[in-house]
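**Student:** Compact mmCIF, N, CA and C atoms, saved as target.txt, coming up:
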```txt
# COMPACT_ATOMS: atom_id res chain seq x y z
N MET D 17 0.85 -1.17 0.00
CA MET D 17 0.00 0.00 0.00
C MET D 17 0.90 1.24 0.00
N SER D 18 0.61 2.15 -0.87
CA SER D 18 1.44 3.34 -0.97
C SER D 18 0.97 4.40 0.02
N GLU D 19 1.84 5.36 0.21
CA GLU D 19 1.53 6.47 1.12
C GLU D 19 0.34 7.27 0.60
N GLN D 20 0.21 7.34 -0.70
CA GLN D 20 -0.87 8.11 -1.32
C GLN D 20 -2.24 7.49 -1.00
N ASP D 21 -2.32 6.17 -0.87
CA ASP D 21 -3.57 5.51 -0.58
C ASP D 21 -4.09 5.84 0.82
N LEU D 22 -3.20 6.15 1.75
CA LEU D 22 -3.59 6.42 3.13
C LEU D 22 -3.92 7.89 3.39
N SER D 23 -3.69 8.72 2.43
CA SER D 23 -3.90 10.14 2.67
C SER D 23 -5.39 10.48 2.69
N VAL D 24 -5.71 11.49 3.44
CA VAL D 24 -7.08 11.98 3.54
C VAL D 24 -7.28 12.97 2.40
N PRO D 25 -8.40 12.87 1.69
CA PRO D 25 -8.62 13.82 0.59
C PRO D 25 -8.71 15.25 1.12
N LEU D 26 -8.10 16.16 0.42
CA LEU D 26 -8.12 17.56 0.81
C LEU D 26 -9.45 18.19 0.41
N GLU D 27 -9.83 19.23 1.16
CA GLU D 27 -11.05 19.97 0.81
C GLU D 27 -10.85 20.68 -0.51
N SER D 28 -11.94 20.80 -1.24
CA SER D 28 -11.87 21.57 -2.47
C SER D 28 -11.82 23.05 -2.10
N PRO D 29 -11.31 23.89 -3.01
CA PRO D 29 -11.29 25.33 -2.70
C PRO D 29 -12.68 25.89 -2.44
N GLY D 30 -13.69 25.37 -3.15
CA GLY D 30 -15.06 25.83 -2.93
C GLY D 30 -15.56 25.48 -1.54
N GLN D 31 -15.22 24.27 -1.08
CA GLN D 31 -15.63 23.85 0.26
C GLN D 31 -14.95 24.70 1.32
N ALA D 32 -13.69 25.00 1.11
CA ALA D 32 -12.96 25.83 2.07
C ALA D 32 -13.58 27.23 2.13
N ARG D 33 -13.93 27.80 0.98
CA ARG D 33 -14.57 29.12 0.95
C ARG D 33 -15.93 29.08 1.66
N MET D 34 -16.68 28.01 1.47
CA MET D 34 -17.98 27.88 2.13
C MET D 34 -17.81 27.78 3.64
N ASP D 35 -16.82 27.01 4.08
CA ASP D 35 -16.55 26.90 5.51
C ASP D 35 -16.21 28.25 6.11
N VAL D 36 -15.41 29.03 5.40
CA VAL D 36 -15.04 30.36 5.88
C VAL D 36 -16.26 31.27 5.91
N LEU D 37 -17.08 31.22 4.85
CA LEU D 37 -18.29 32.04 4.79
C LEU D 37 -19.22 31.71 5.95
N VAL D 38 -19.45 30.43 6.18
CA VAL D 38 -20.34 30.02 7.27
C VAL D 38 -19.75 30.44 8.61
N GLY D 39 -18.46 30.27 8.77
CA GLY D 39 -17.81 30.69 10.01
C GLY D 39 -17.97 32.17 10.28
N TYR D 40 -17.74 32.99 9.25
CA TYR D 40 -17.90 34.44 9.42
C TYR D 40 -19.36 34.82 9.62
N LEU D 41 -20.26 34.12 8.96
CA LEU D 41 -21.68 34.40 9.12
C LEU D 41 -22.11 34.13 10.56
N LEU D 42 -21.71 32.99 11.10
CA LEU D 42 -22.07 32.67 12.48
C LEU D 42 -21.39 33.60 13.48
N LEU D 43 -20.11 33.85 13.28
CA LEU D 43 -19.38 34.75 14.17
C LEU D 43 -19.94 36.17 14.11
N GLY D 44 -20.17 36.66 12.90
CA GLY D 44 -20.73 38.01 12.74
C GLY D 44 -22.10 38.15 13.37
N GLY D 45 -22.95 37.12 13.19
CA GLY D 45 -24.29 37.16 13.77
C GLY D 45 -24.25 37.19 15.29
N VAL D 46 -23.43 36.35 15.86
CA VAL D 46 -23.33 36.29 17.33
C VAL D 46 -22.73 37.59 17.87
N MET D 47 -21.70 38.10 17.21
CA MET D 47 -21.06 39.33 17.70
C MET D 47 -22.00 40.54 17.58
N LEU D 48 -22.72 40.65 16.45
CA LEU D 48 -23.67 41.75 16.29
C LEU D 48 -24.79 41.64 17.32
N SER D 49 -25.26 40.43 17.54
CA SER D 49 -26.29 40.21 18.55
C SER D 49 -25.80 40.63 19.93
N LEU D 50 -24.60 40.21 20.27
CA LEU D 50 -24.01 40.57 21.57
C LEU D 50 -23.88 42.08 21.71
N LEU D 51 -23.42 42.74 20.66
CA LEU D 51 -23.27 44.19 20.68
C LEU D 51 -24.61 44.89 20.92
N LEU D 52 -25.64 44.46 20.20
CA LEU D 52 -26.95 45.07 20.36
C LEU D 52 -27.52 44.81 21.76
N LEU D 53 -27.37 43.59 22.25
CA LEU D 53 -27.87 43.27 23.58
C LEU D 53 -27.16 44.07 24.67
N VAL D 54 -25.84 44.13 24.60
CA VAL D 54 -25.08 44.89 25.61
C VAL D 54 -25.42 46.38 25.54
N ALA D 55 -25.51 46.92 24.33
CA ALA D 55 -25.85 48.34 24.18
C ALA D 55 -27.24 48.63 24.74
N GLY D 56 -28.22 47.78 24.42
CA GLY D 56 -29.57 47.99 24.92
C GLY D 56 -29.67 47.85 26.42
N LEU D 57 -29.02 46.84 26.97
CA LEU D 57 -29.07 46.65 28.43
C LEU D 57 -28.31 47.75 29.16
N THR D 58 -27.19 48.20 28.60
CA THR D 58 -26.45 49.30 29.22
C THR D 58 -27.28 50.58 29.20
N TRP D 59 -27.91 50.86 28.08
CA TRP D 59 -28.77 52.04 27.97
C TRP D 59 -29.92 51.95 28.98
N LYS D 60 -30.54 50.80 29.07
CA LYS D 60 -31.64 50.61 30.02
C LYS D 60 -31.16 50.81 31.46
N TRP D 61 -29.98 50.28 31.78
CA TRP D 61 -29.42 50.41 33.12
C TRP D 61 -29.14 51.87 33.47
N THR D 62 -28.59 52.63 32.52
CA THR D 62 -28.26 54.03 32.80
C THR D 62 -29.51 54.88 33.00
N ILE D 63 -30.61 54.50 32.39
CA ILE D 63 -31.85 55.27 32.53
C ILE D 63 -32.61 54.89 33.79
N THR D 64 -32.74 53.59 34.06
CA THR D 64 -33.64 53.13 35.12
C THR D 64 -32.96 52.40 36.27
N ARG D 65 -31.69 52.08 36.13
CA ARG D 65 -30.96 51.26 37.10
C ARG D 65 -31.57 49.86 37.24
N GLN D 66 -32.22 49.40 36.17
CA GLN D 66 -32.80 48.06 36.10
C GLN D 66 -32.48 47.45 34.73
N PHE D 67 -32.38 46.13 34.70
CA PHE D 67 -32.16 45.45 33.43
C PHE D 67 -33.45 44.90 32.83
N GLY D 68 -34.48 44.79 33.62
CA GLY D 68 -35.70 44.11 33.18
C GLY D 68 -36.54 44.91 32.21
N PHE D 69 -37.22 44.18 31.33
CA PHE D 69 -38.18 44.74 30.39
C PHE D 69 -39.51 44.06 30.66
N ASP D 70 -40.60 44.80 30.56
CA ASP D 70 -41.91 44.23 30.84
C ASP D 70 -42.86 44.60 29.70
N TYR D 71 -42.98 43.68 28.74
CA TYR D 71 -43.91 43.86 27.65
C TYR D 71 -44.25 42.48 27.09
N PRO D 72 -45.46 42.31 26.61
CA PRO D 72 -45.89 40.98 26.16
C PRO D 72 -45.39 40.68 24.73
N ILE D 73 -44.96 39.45 24.54
CA ILE D 73 -44.66 38.97 23.18
C ILE D 73 -45.32 37.62 22.94
N VAL D 74 -46.17 37.21 23.87
CA VAL D 74 -46.86 35.93 23.75
C VAL D 74 -47.79 35.97 22.54
N GLY D 75 -47.80 34.90 21.78
CA GLY D 75 -48.69 34.81 20.64
C GLY D 75 -48.14 35.42 19.37
N MET D 76 -46.91 35.92 19.41
CA MET D 76 -46.29 36.51 18.22
C MET D 76 -45.33 35.51 17.59
N ASN D 77 -45.33 35.48 16.27
CA ASN D 77 -44.26 34.74 15.62
C ASN D 77 -43.09 35.70 15.40
N PHE D 78 -42.01 35.19 14.87
CA PHE D 78 -40.81 36.01 14.69
C PHE D 78 -41.07 37.21 13.78
N PHE D 79 -41.81 37.00 12.71
CA PHE D 79 -42.11 38.09 11.77
C PHE D 79 -42.88 39.20 12.47
N GLU D 80 -43.88 38.85 13.26
CA GLU D 80 -44.65 39.85 13.99
C GLU D 80 -43.79 40.58 15.02
N PHE D 81 -42.91 39.82 15.67
CA PHE D 81 -41.98 40.37 16.65
C PHE D 81 -41.11 41.46 16.01
N VAL D 82 -40.52 41.15 14.86
CA VAL D 82 -39.63 42.10 14.18
C VAL D 82 -40.41 43.29 13.62
N THR D 83 -41.56 43.03 12.98
CA THR D 83 -42.33 44.15 12.41
C THR D 83 -42.86 45.08 13.50
N ASN D 84 -43.17 44.53 14.66
CA ASN D 84 -43.60 45.37 15.78
C ASN D 84 -42.48 46.33 16.19
N GLU D 85 -41.25 45.83 16.25
CA GLU D 85 -40.13 46.69 16.61
C GLU D 85 -39.84 47.73 15.52
N ILE D 86 -40.00 47.35 14.27
CA ILE D 86 -39.81 48.31 13.17
C ILE D 86 -40.86 49.42 13.26
N ARG D 87 -42.11 49.05 13.58
CA ARG D 87 -43.16 50.07 13.75
C ARG D 87 -42.81 51.05 14.87
N ILE D 88 -42.27 50.53 15.96
CA ILE D 88 -41.88 51.39 17.08
C ILE D 88 -40.83 52.40 16.63
N VAL D 89 -39.83 51.95 15.88
CA VAL D 89 -38.78 52.85 15.39
C VAL D 89 -39.36 53.86 14.40
N MET D 90 -40.26 53.41 13.53
CA MET D 90 -40.86 54.30 12.53
C MET D 90 -41.69 55.41 13.18
N HIS D 91 -42.21 55.14 14.37
CA HIS D 91 -42.96 56.16 15.10
C HIS D 91 -42.05 57.05 15.95
N GLY D 92 -40.76 56.90 15.77
CA GLY D 92 -39.81 57.75 16.47
C GLY D 92 -39.57 57.38 17.92
N GLU D 93 -39.89 56.17 18.29
CA GLU D 93 -39.75 55.75 19.68
C GLU D 93 -38.54 54.82 19.84
N PHE D 94 -37.38 55.30 19.48
CA PHE D 94 -36.17 54.48 19.62
C PHE D 94 -35.79 54.43 21.08
N ARG D 95 -35.72 53.24 21.64
CA ARG D 95 -35.45 53.06 23.06
C ARG D 95 -34.66 51.77 23.28
N PRO D 96 -34.20 51.52 24.50
CA PRO D 96 -33.36 50.34 24.76
C PRO D 96 -34.00 49.03 24.33
N ARG D 97 -35.29 48.93 24.46
CA ARG D 97 -36.02 47.72 24.07
C ARG D 97 -35.75 47.36 22.61
N VAL D 98 -35.67 48.34 21.74
CA VAL D 98 -35.44 48.10 20.32
C VAL D 98 -34.07 47.45 20.10
N LEU D 99 -33.06 47.92 20.82
CA LEU D 99 -31.73 47.33 20.68
C LEU D 99 -31.70 45.89 21.19
N VAL D 100 -32.31 45.66 22.33
CA VAL D 100 -32.32 44.31 22.89
C VAL D 100 -33.09 43.36 21.97
N ASN D 101 -34.25 43.78 21.50
CA ASN D 101 -35.02 42.94 20.60
C ASN D 101 -34.31 42.75 19.26
N GLY D 102 -33.58 43.77 18.82
CA GLY D 102 -32.78 43.62 17.61
C GLY D 102 -31.68 42.58 17.80
N GLY D 103 -31.07 42.56 18.98
CA GLY D 103 -30.07 41.55 19.29
C GLY D 103 -30.66 40.15 19.29
N ILE D 104 -31.85 40.03 19.85
CA ILE D 104 -32.53 38.73 19.86
C ILE D 104 -32.87 38.31 18.43
N ALA D 105 -33.36 39.25 17.62
CA ALA D 105 -33.72 38.94 16.23
C ALA D 105 -32.50 38.51 15.43
N VAL D 106 -31.39 39.21 15.59
CA VAL D 106 -30.16 38.84 14.87
C VAL D 106 -29.70 37.46 15.30
N LEU D 107 -29.78 37.18 16.58
CA LEU D 107 -29.36 35.86 17.08
C LEU D 107 -30.25 34.75 16.51
N MET D 108 -31.54 35.02 16.36
CA MET D 108 -32.44 34.02 15.80
C MET D 108 -32.26 33.86 14.30
N LEU D 109 -31.92 34.92 13.61
CA LEU D 109 -31.74 34.86 12.16
C LEU D 109 -30.41 34.25 11.74
N THR D 110 -29.43 34.25 12.61
CA THR D 110 -28.10 33.76 12.26
C THR D 110 -28.11 32.31 11.79
N PRO D 111 -28.68 31.36 12.53
CA PRO D 111 -28.69 29.99 12.01
C PRO D 111 -29.59 29.84 10.78
N TYR D 112 -30.64 30.65 10.69
CA TYR D 112 -31.50 30.62 9.51
C TYR D 112 -30.71 30.99 8.26
N LEU D 113 -29.92 32.05 8.35
CA LEU D 113 -29.10 32.47 7.21
C LEU D 113 -28.01 31.45 6.90
N ARG D 114 -27.52 30.76 7.91
CA ARG D 114 -26.53 29.71 7.70
C ARG D 114 -27.13 28.57 6.89
N VAL D 115 -28.37 28.17 7.21
CA VAL D 115 -29.03 27.10 6.47
C VAL D 115 -29.35 27.58 5.05
N LEU D 116 -29.78 28.82 4.89
CA LEU D 116 -30.04 29.37 3.56
C LEU D 116 -28.77 29.37 2.70
N ALA D 117 -27.66 29.77 3.29
CA ALA D 117 -26.39 29.75 2.56
C ALA D 117 -26.02 28.33 2.17
N SER D 118 -26.29 27.36 3.03
CA SER D 118 -25.99 25.97 2.72
C SER D 118 -26.85 25.46 1.55
N VAL D 119 -28.12 25.82 1.55
CA VAL D 119 -28.99 25.42 0.43
C VAL D 119 -28.44 25.97 -0.88
N LEU D 120 -28.08 27.25 -0.88
CA LEU D 120 -27.55 27.86 -2.10
C LEU D 120 -26.23 27.21 -2.52
N TYR D 121 -25.39 26.91 -1.56
CA TYR D 121 -24.10 26.28 -1.86
C TYR D 121 -24.30 24.89 -2.44
N PHE D 122 -25.17 24.09 -1.82
CA PHE D 122 -25.40 22.73 -2.32
C PHE D 122 -26.05 22.75 -3.70
N ALA D 123 -26.97 23.70 -3.92
CA ALA D 123 -27.68 23.75 -5.20
C ALA D 123 -26.84 24.36 -6.31
N ILE D 124 -26.21 25.49 -6.04
CA ILE D 124 -25.49 26.22 -7.09
C ILE D 124 -24.03 25.81 -7.16
N GLY D 125 -23.38 25.74 -6.01
CA GLY D 125 -21.96 25.46 -5.99
C GLY D 125 -21.61 24.01 -6.28
N LEU D 126 -22.29 23.10 -5.59
CA LEU D 126 -21.96 21.67 -5.74
C LEU D 126 -22.89 20.92 -6.69
N LYS D 127 -24.08 21.47 -6.90
CA LYS D 127 -25.11 20.79 -7.68
C LYS D 127 -25.37 19.39 -7.10
N ASN D 128 -25.36 19.32 -5.78
CA ASN D 128 -25.63 18.09 -5.06
C ASN D 128 -27.10 18.14 -4.64
N TRP D 129 -27.94 17.48 -5.40
CA TRP D 129 -29.38 17.61 -5.22
C TRP D 129 -29.88 16.91 -3.97
N LYS D 130 -29.21 15.84 -3.56
CA LYS D 130 -29.62 15.15 -2.34
C LYS D 130 -29.46 16.08 -1.14
N TYR D 131 -28.29 16.70 -0.98
CA TYR D 131 -28.08 17.63 0.14
C TYR D 131 -28.94 18.87 0.00
N THR D 132 -29.17 19.30 -1.23
CA THR D 132 -30.04 20.46 -1.45
C THR D 132 -31.45 20.17 -0.95
N VAL D 133 -31.98 18.99 -1.24
CA VAL D 133 -33.32 18.63 -0.79
C VAL D 133 -33.37 18.54 0.73
N PHE D 134 -32.42 17.84 1.34
CA PHE D 134 -32.43 17.71 2.80
C PHE D 134 -32.31 19.06 3.49
N THR D 135 -31.40 19.88 3.00
CA THR D 135 -31.21 21.19 3.62
C THR D 135 -32.40 22.10 3.36
N SER D 136 -33.04 21.96 2.22
CA SER D 136 -34.25 22.74 1.92
C SER D 136 -35.39 22.37 2.86
N ILE D 137 -35.47 21.09 3.22
CA ILE D 137 -36.49 20.66 4.19
C ILE D 137 -36.24 21.33 5.53
N VAL D 138 -35.00 21.37 5.96
CA VAL D 138 -34.66 22.06 7.22
C VAL D 138 -35.01 23.54 7.10
N LEU D 139 -34.69 24.16 5.97
CA LEU D 139 -35.02 25.58 5.76
C LEU D 139 -36.53 25.80 5.79
N ALA D 140 -37.29 24.90 5.19
CA ALA D 140 -38.75 25.03 5.19
C ALA D 140 -39.30 24.94 6.62
N ILE D 141 -38.77 24.03 7.42
CA ILE D 141 -39.22 23.89 8.80
C ILE D 141 -38.86 25.14 9.60
N LEU D 142 -37.65 25.64 9.41
CA LEU D 142 -37.26 26.88 10.10
C LEU D 142 -38.14 28.05 9.67
N THR D 143 -38.41 28.15 8.38
CA THR D 143 -39.26 29.24 7.87
C THR D 143 -40.64 29.16 8.47
N TYR D 144 -41.19 27.96 8.50
CA TYR D 144 -42.53 27.79 9.10
C TYR D 144 -42.51 28.19 10.58
N SER D 145 -41.52 27.72 11.32
CA SER D 145 -41.51 27.98 12.75
C SER D 145 -41.23 29.45 13.08
N LEU D 146 -40.43 30.12 12.26
CA LEU D 146 -40.09 31.52 12.54
C LEU D 146 -41.14 32.49 12.03
N PHE D 147 -41.66 32.25 10.83
CA PHE D 147 -42.46 33.29 10.18
C PHE D 147 -43.95 32.97 10.06
N LEU D 148 -44.33 31.71 10.11
CA LEU D 148 -45.73 31.39 9.82
C LEU D 148 -46.51 30.84 11.00
N ARG D 149 -45.85 30.42 12.01
CA ARG D 149 -46.53 29.82 13.15
C ARG D 149 -47.03 30.83 14.12
```
Would you mind writing the file out in structure tokens?
**Tutor:**
Amino acid sequence: MSEQDLSVPLESPGQARMDVLVGYLLLGGVMLSLLLLVAGLTWKWTITRQFGFDYPIVGMNFFEFVTNEIRIVMHGEFRPRVLVNGGIAVLMLTPYLRVLASVLYFAIGLKNWKYTVFTSIVLAILTYSLFLR
């Protein structure tokens, strides 16, 4: 058996680029979320000396949650709650965008239809749970 037979196949350049993209997408999402959460909580603390927020979100799906916050900003009511909720929204969207990027990569980059179908099913379930439920 030759040394070449025992070697592990190297990643393709496309796979390496996708790994980097996904890594930066996840890191960027978590860091932006952290920044928004810390900024909102710090702002809330400086105003009220409390970290707590008291407002109902029961019965809202993710889409309603985000559009409600956009309406608040559009009415000129920018406050700590908007930053905290923005941080939560970014944190929730980060894995969604990761799955969306994977679907596009499997479909366009690799043309691997089996992985495209499986990942699309995951994307459909996430879409339903975030936006339609």
**Student:** Leaving out Leu113 in chain D and any residue of its chain fewer than 5 positions from it, which residues lie within 8 Å of it when counting all atoms listed in the file, given as a PDB file with N, CA and C atoms, in the frame of the given file?
**Tutor:**
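The resulting file, part.pdb, is shown below:
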```pdb
ATOM      1  N   VAL D  38     -19.450  30.430   6.180  1.00  0.00           N
ATOM      2  CA  VAL D  38     -20.340  30.020   7.270  1.00  0.00           C
ATOM      3  C   VAL D  38     -19.750  30.440   8.610  1.00  0.00           C
ATOM      4  N   LEU D  41     -20.260  34.120   8.960  1.00  0.00           N
ATOM      5  CA  LEU D  41     -21.680  34.400   9.120  1.00  0.00           C
ATOM      6  C   LEU D  41     -22.110  34.130  10.560  1.00  0.00           C
ATOM      7  N   LEU D  42     -21.710  32.990  11.100  1.00  0.00           N
ATOM      8  CA  LEU D  42     -22.070  32.670  12.480  1.00  0.00           C
ATOM      9  C   LEU D  42     -21.390  33.600  13.480  1.00  0.00           C
ATOM     10  N   MET D 108     -31.540  35.020  16.360  1.00  0.00           N
ATOM     11  CA  MET D 108     -32.440  34.020  15.800  1.00  0.00           C
ATOM     12  C   MET D 108     -32.260  33.860  14.300  1.00  0.00           C
ATOM     13  N   SER D 118     -26.290  27.360   3.030  1.00  0.00           N
ATOM     14  CA  SER D 118     -25.990  25.970   2.720  1.00  0.00           C
ATOM     15  C   SER D 118     -26.850  25.460   1.550  1.00  0.00           C
ATOM     16  N   VAL D 119     -28.120  25.820   1.550  1.00  0.00           N
ATOM     17  CA  VAL D 119     -28.990  25.420   0.430  1.00  0.00           C
ATOM     18  C   VAL D 119     -28.440  25.970  -0.880  1.00  0.00           C
TER      19      VAL D 119
END
```
**Student:** Hey, what's within 12 Å of range 50-56 of chain D if we count only C-alpha atoms and toss same-chain stuff fewer than 2 positions away? As number ranges by chain, please?
**Tutor:** D: 43-48, 58-63, 66-69, 94-107
**Student:** Where in range 35-70 of chain D does DSSP assign helix (DSSP H, G or I), given as JSON, numbers by chain?
**Tutor:** {"D": [35, 36, 37, 38, 39, 40, 41, 42, 43, 44, 45, 46, 47, 48, 49, 50, 51, 52, 53, 54, 55, 56, 57, 58, 59, 60, 61, 62, 63, 64]}
**Student:** How many Å separate CA of Phe134 in chain D from atom C of Arg114 in chain D?
**Tutor:**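 Straight-line distance from CA of Phe134 in chain D to atom C of Arg114 in chain D works out to 12.8 Å.
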**Student:** Any idea what the distance is between atom C of Tyr40 in chain D and atom C of Tyr112 in chain D?
**Tutor:**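 Answer for the atom C of Tyr40 in chain D to atom C of Tyr112 in chain D separation: 12.1 Å.
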**Student:** Any idea what the distance is between CA of His91 in chain D and CA of Ile73 in chain D?
**Tutor:** 19.1 Å
**Student:** Can you tell me, as a list in words, what residues are no more than 6 Å from Phe78 in chain D when counting only C-alpha atoms, ignoring any on the same chain fewer than 2 positions away?
**Tutor:**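 In the requested format, the answer is Glu80, Phe81, Leu146 and Phe147 of chain D.
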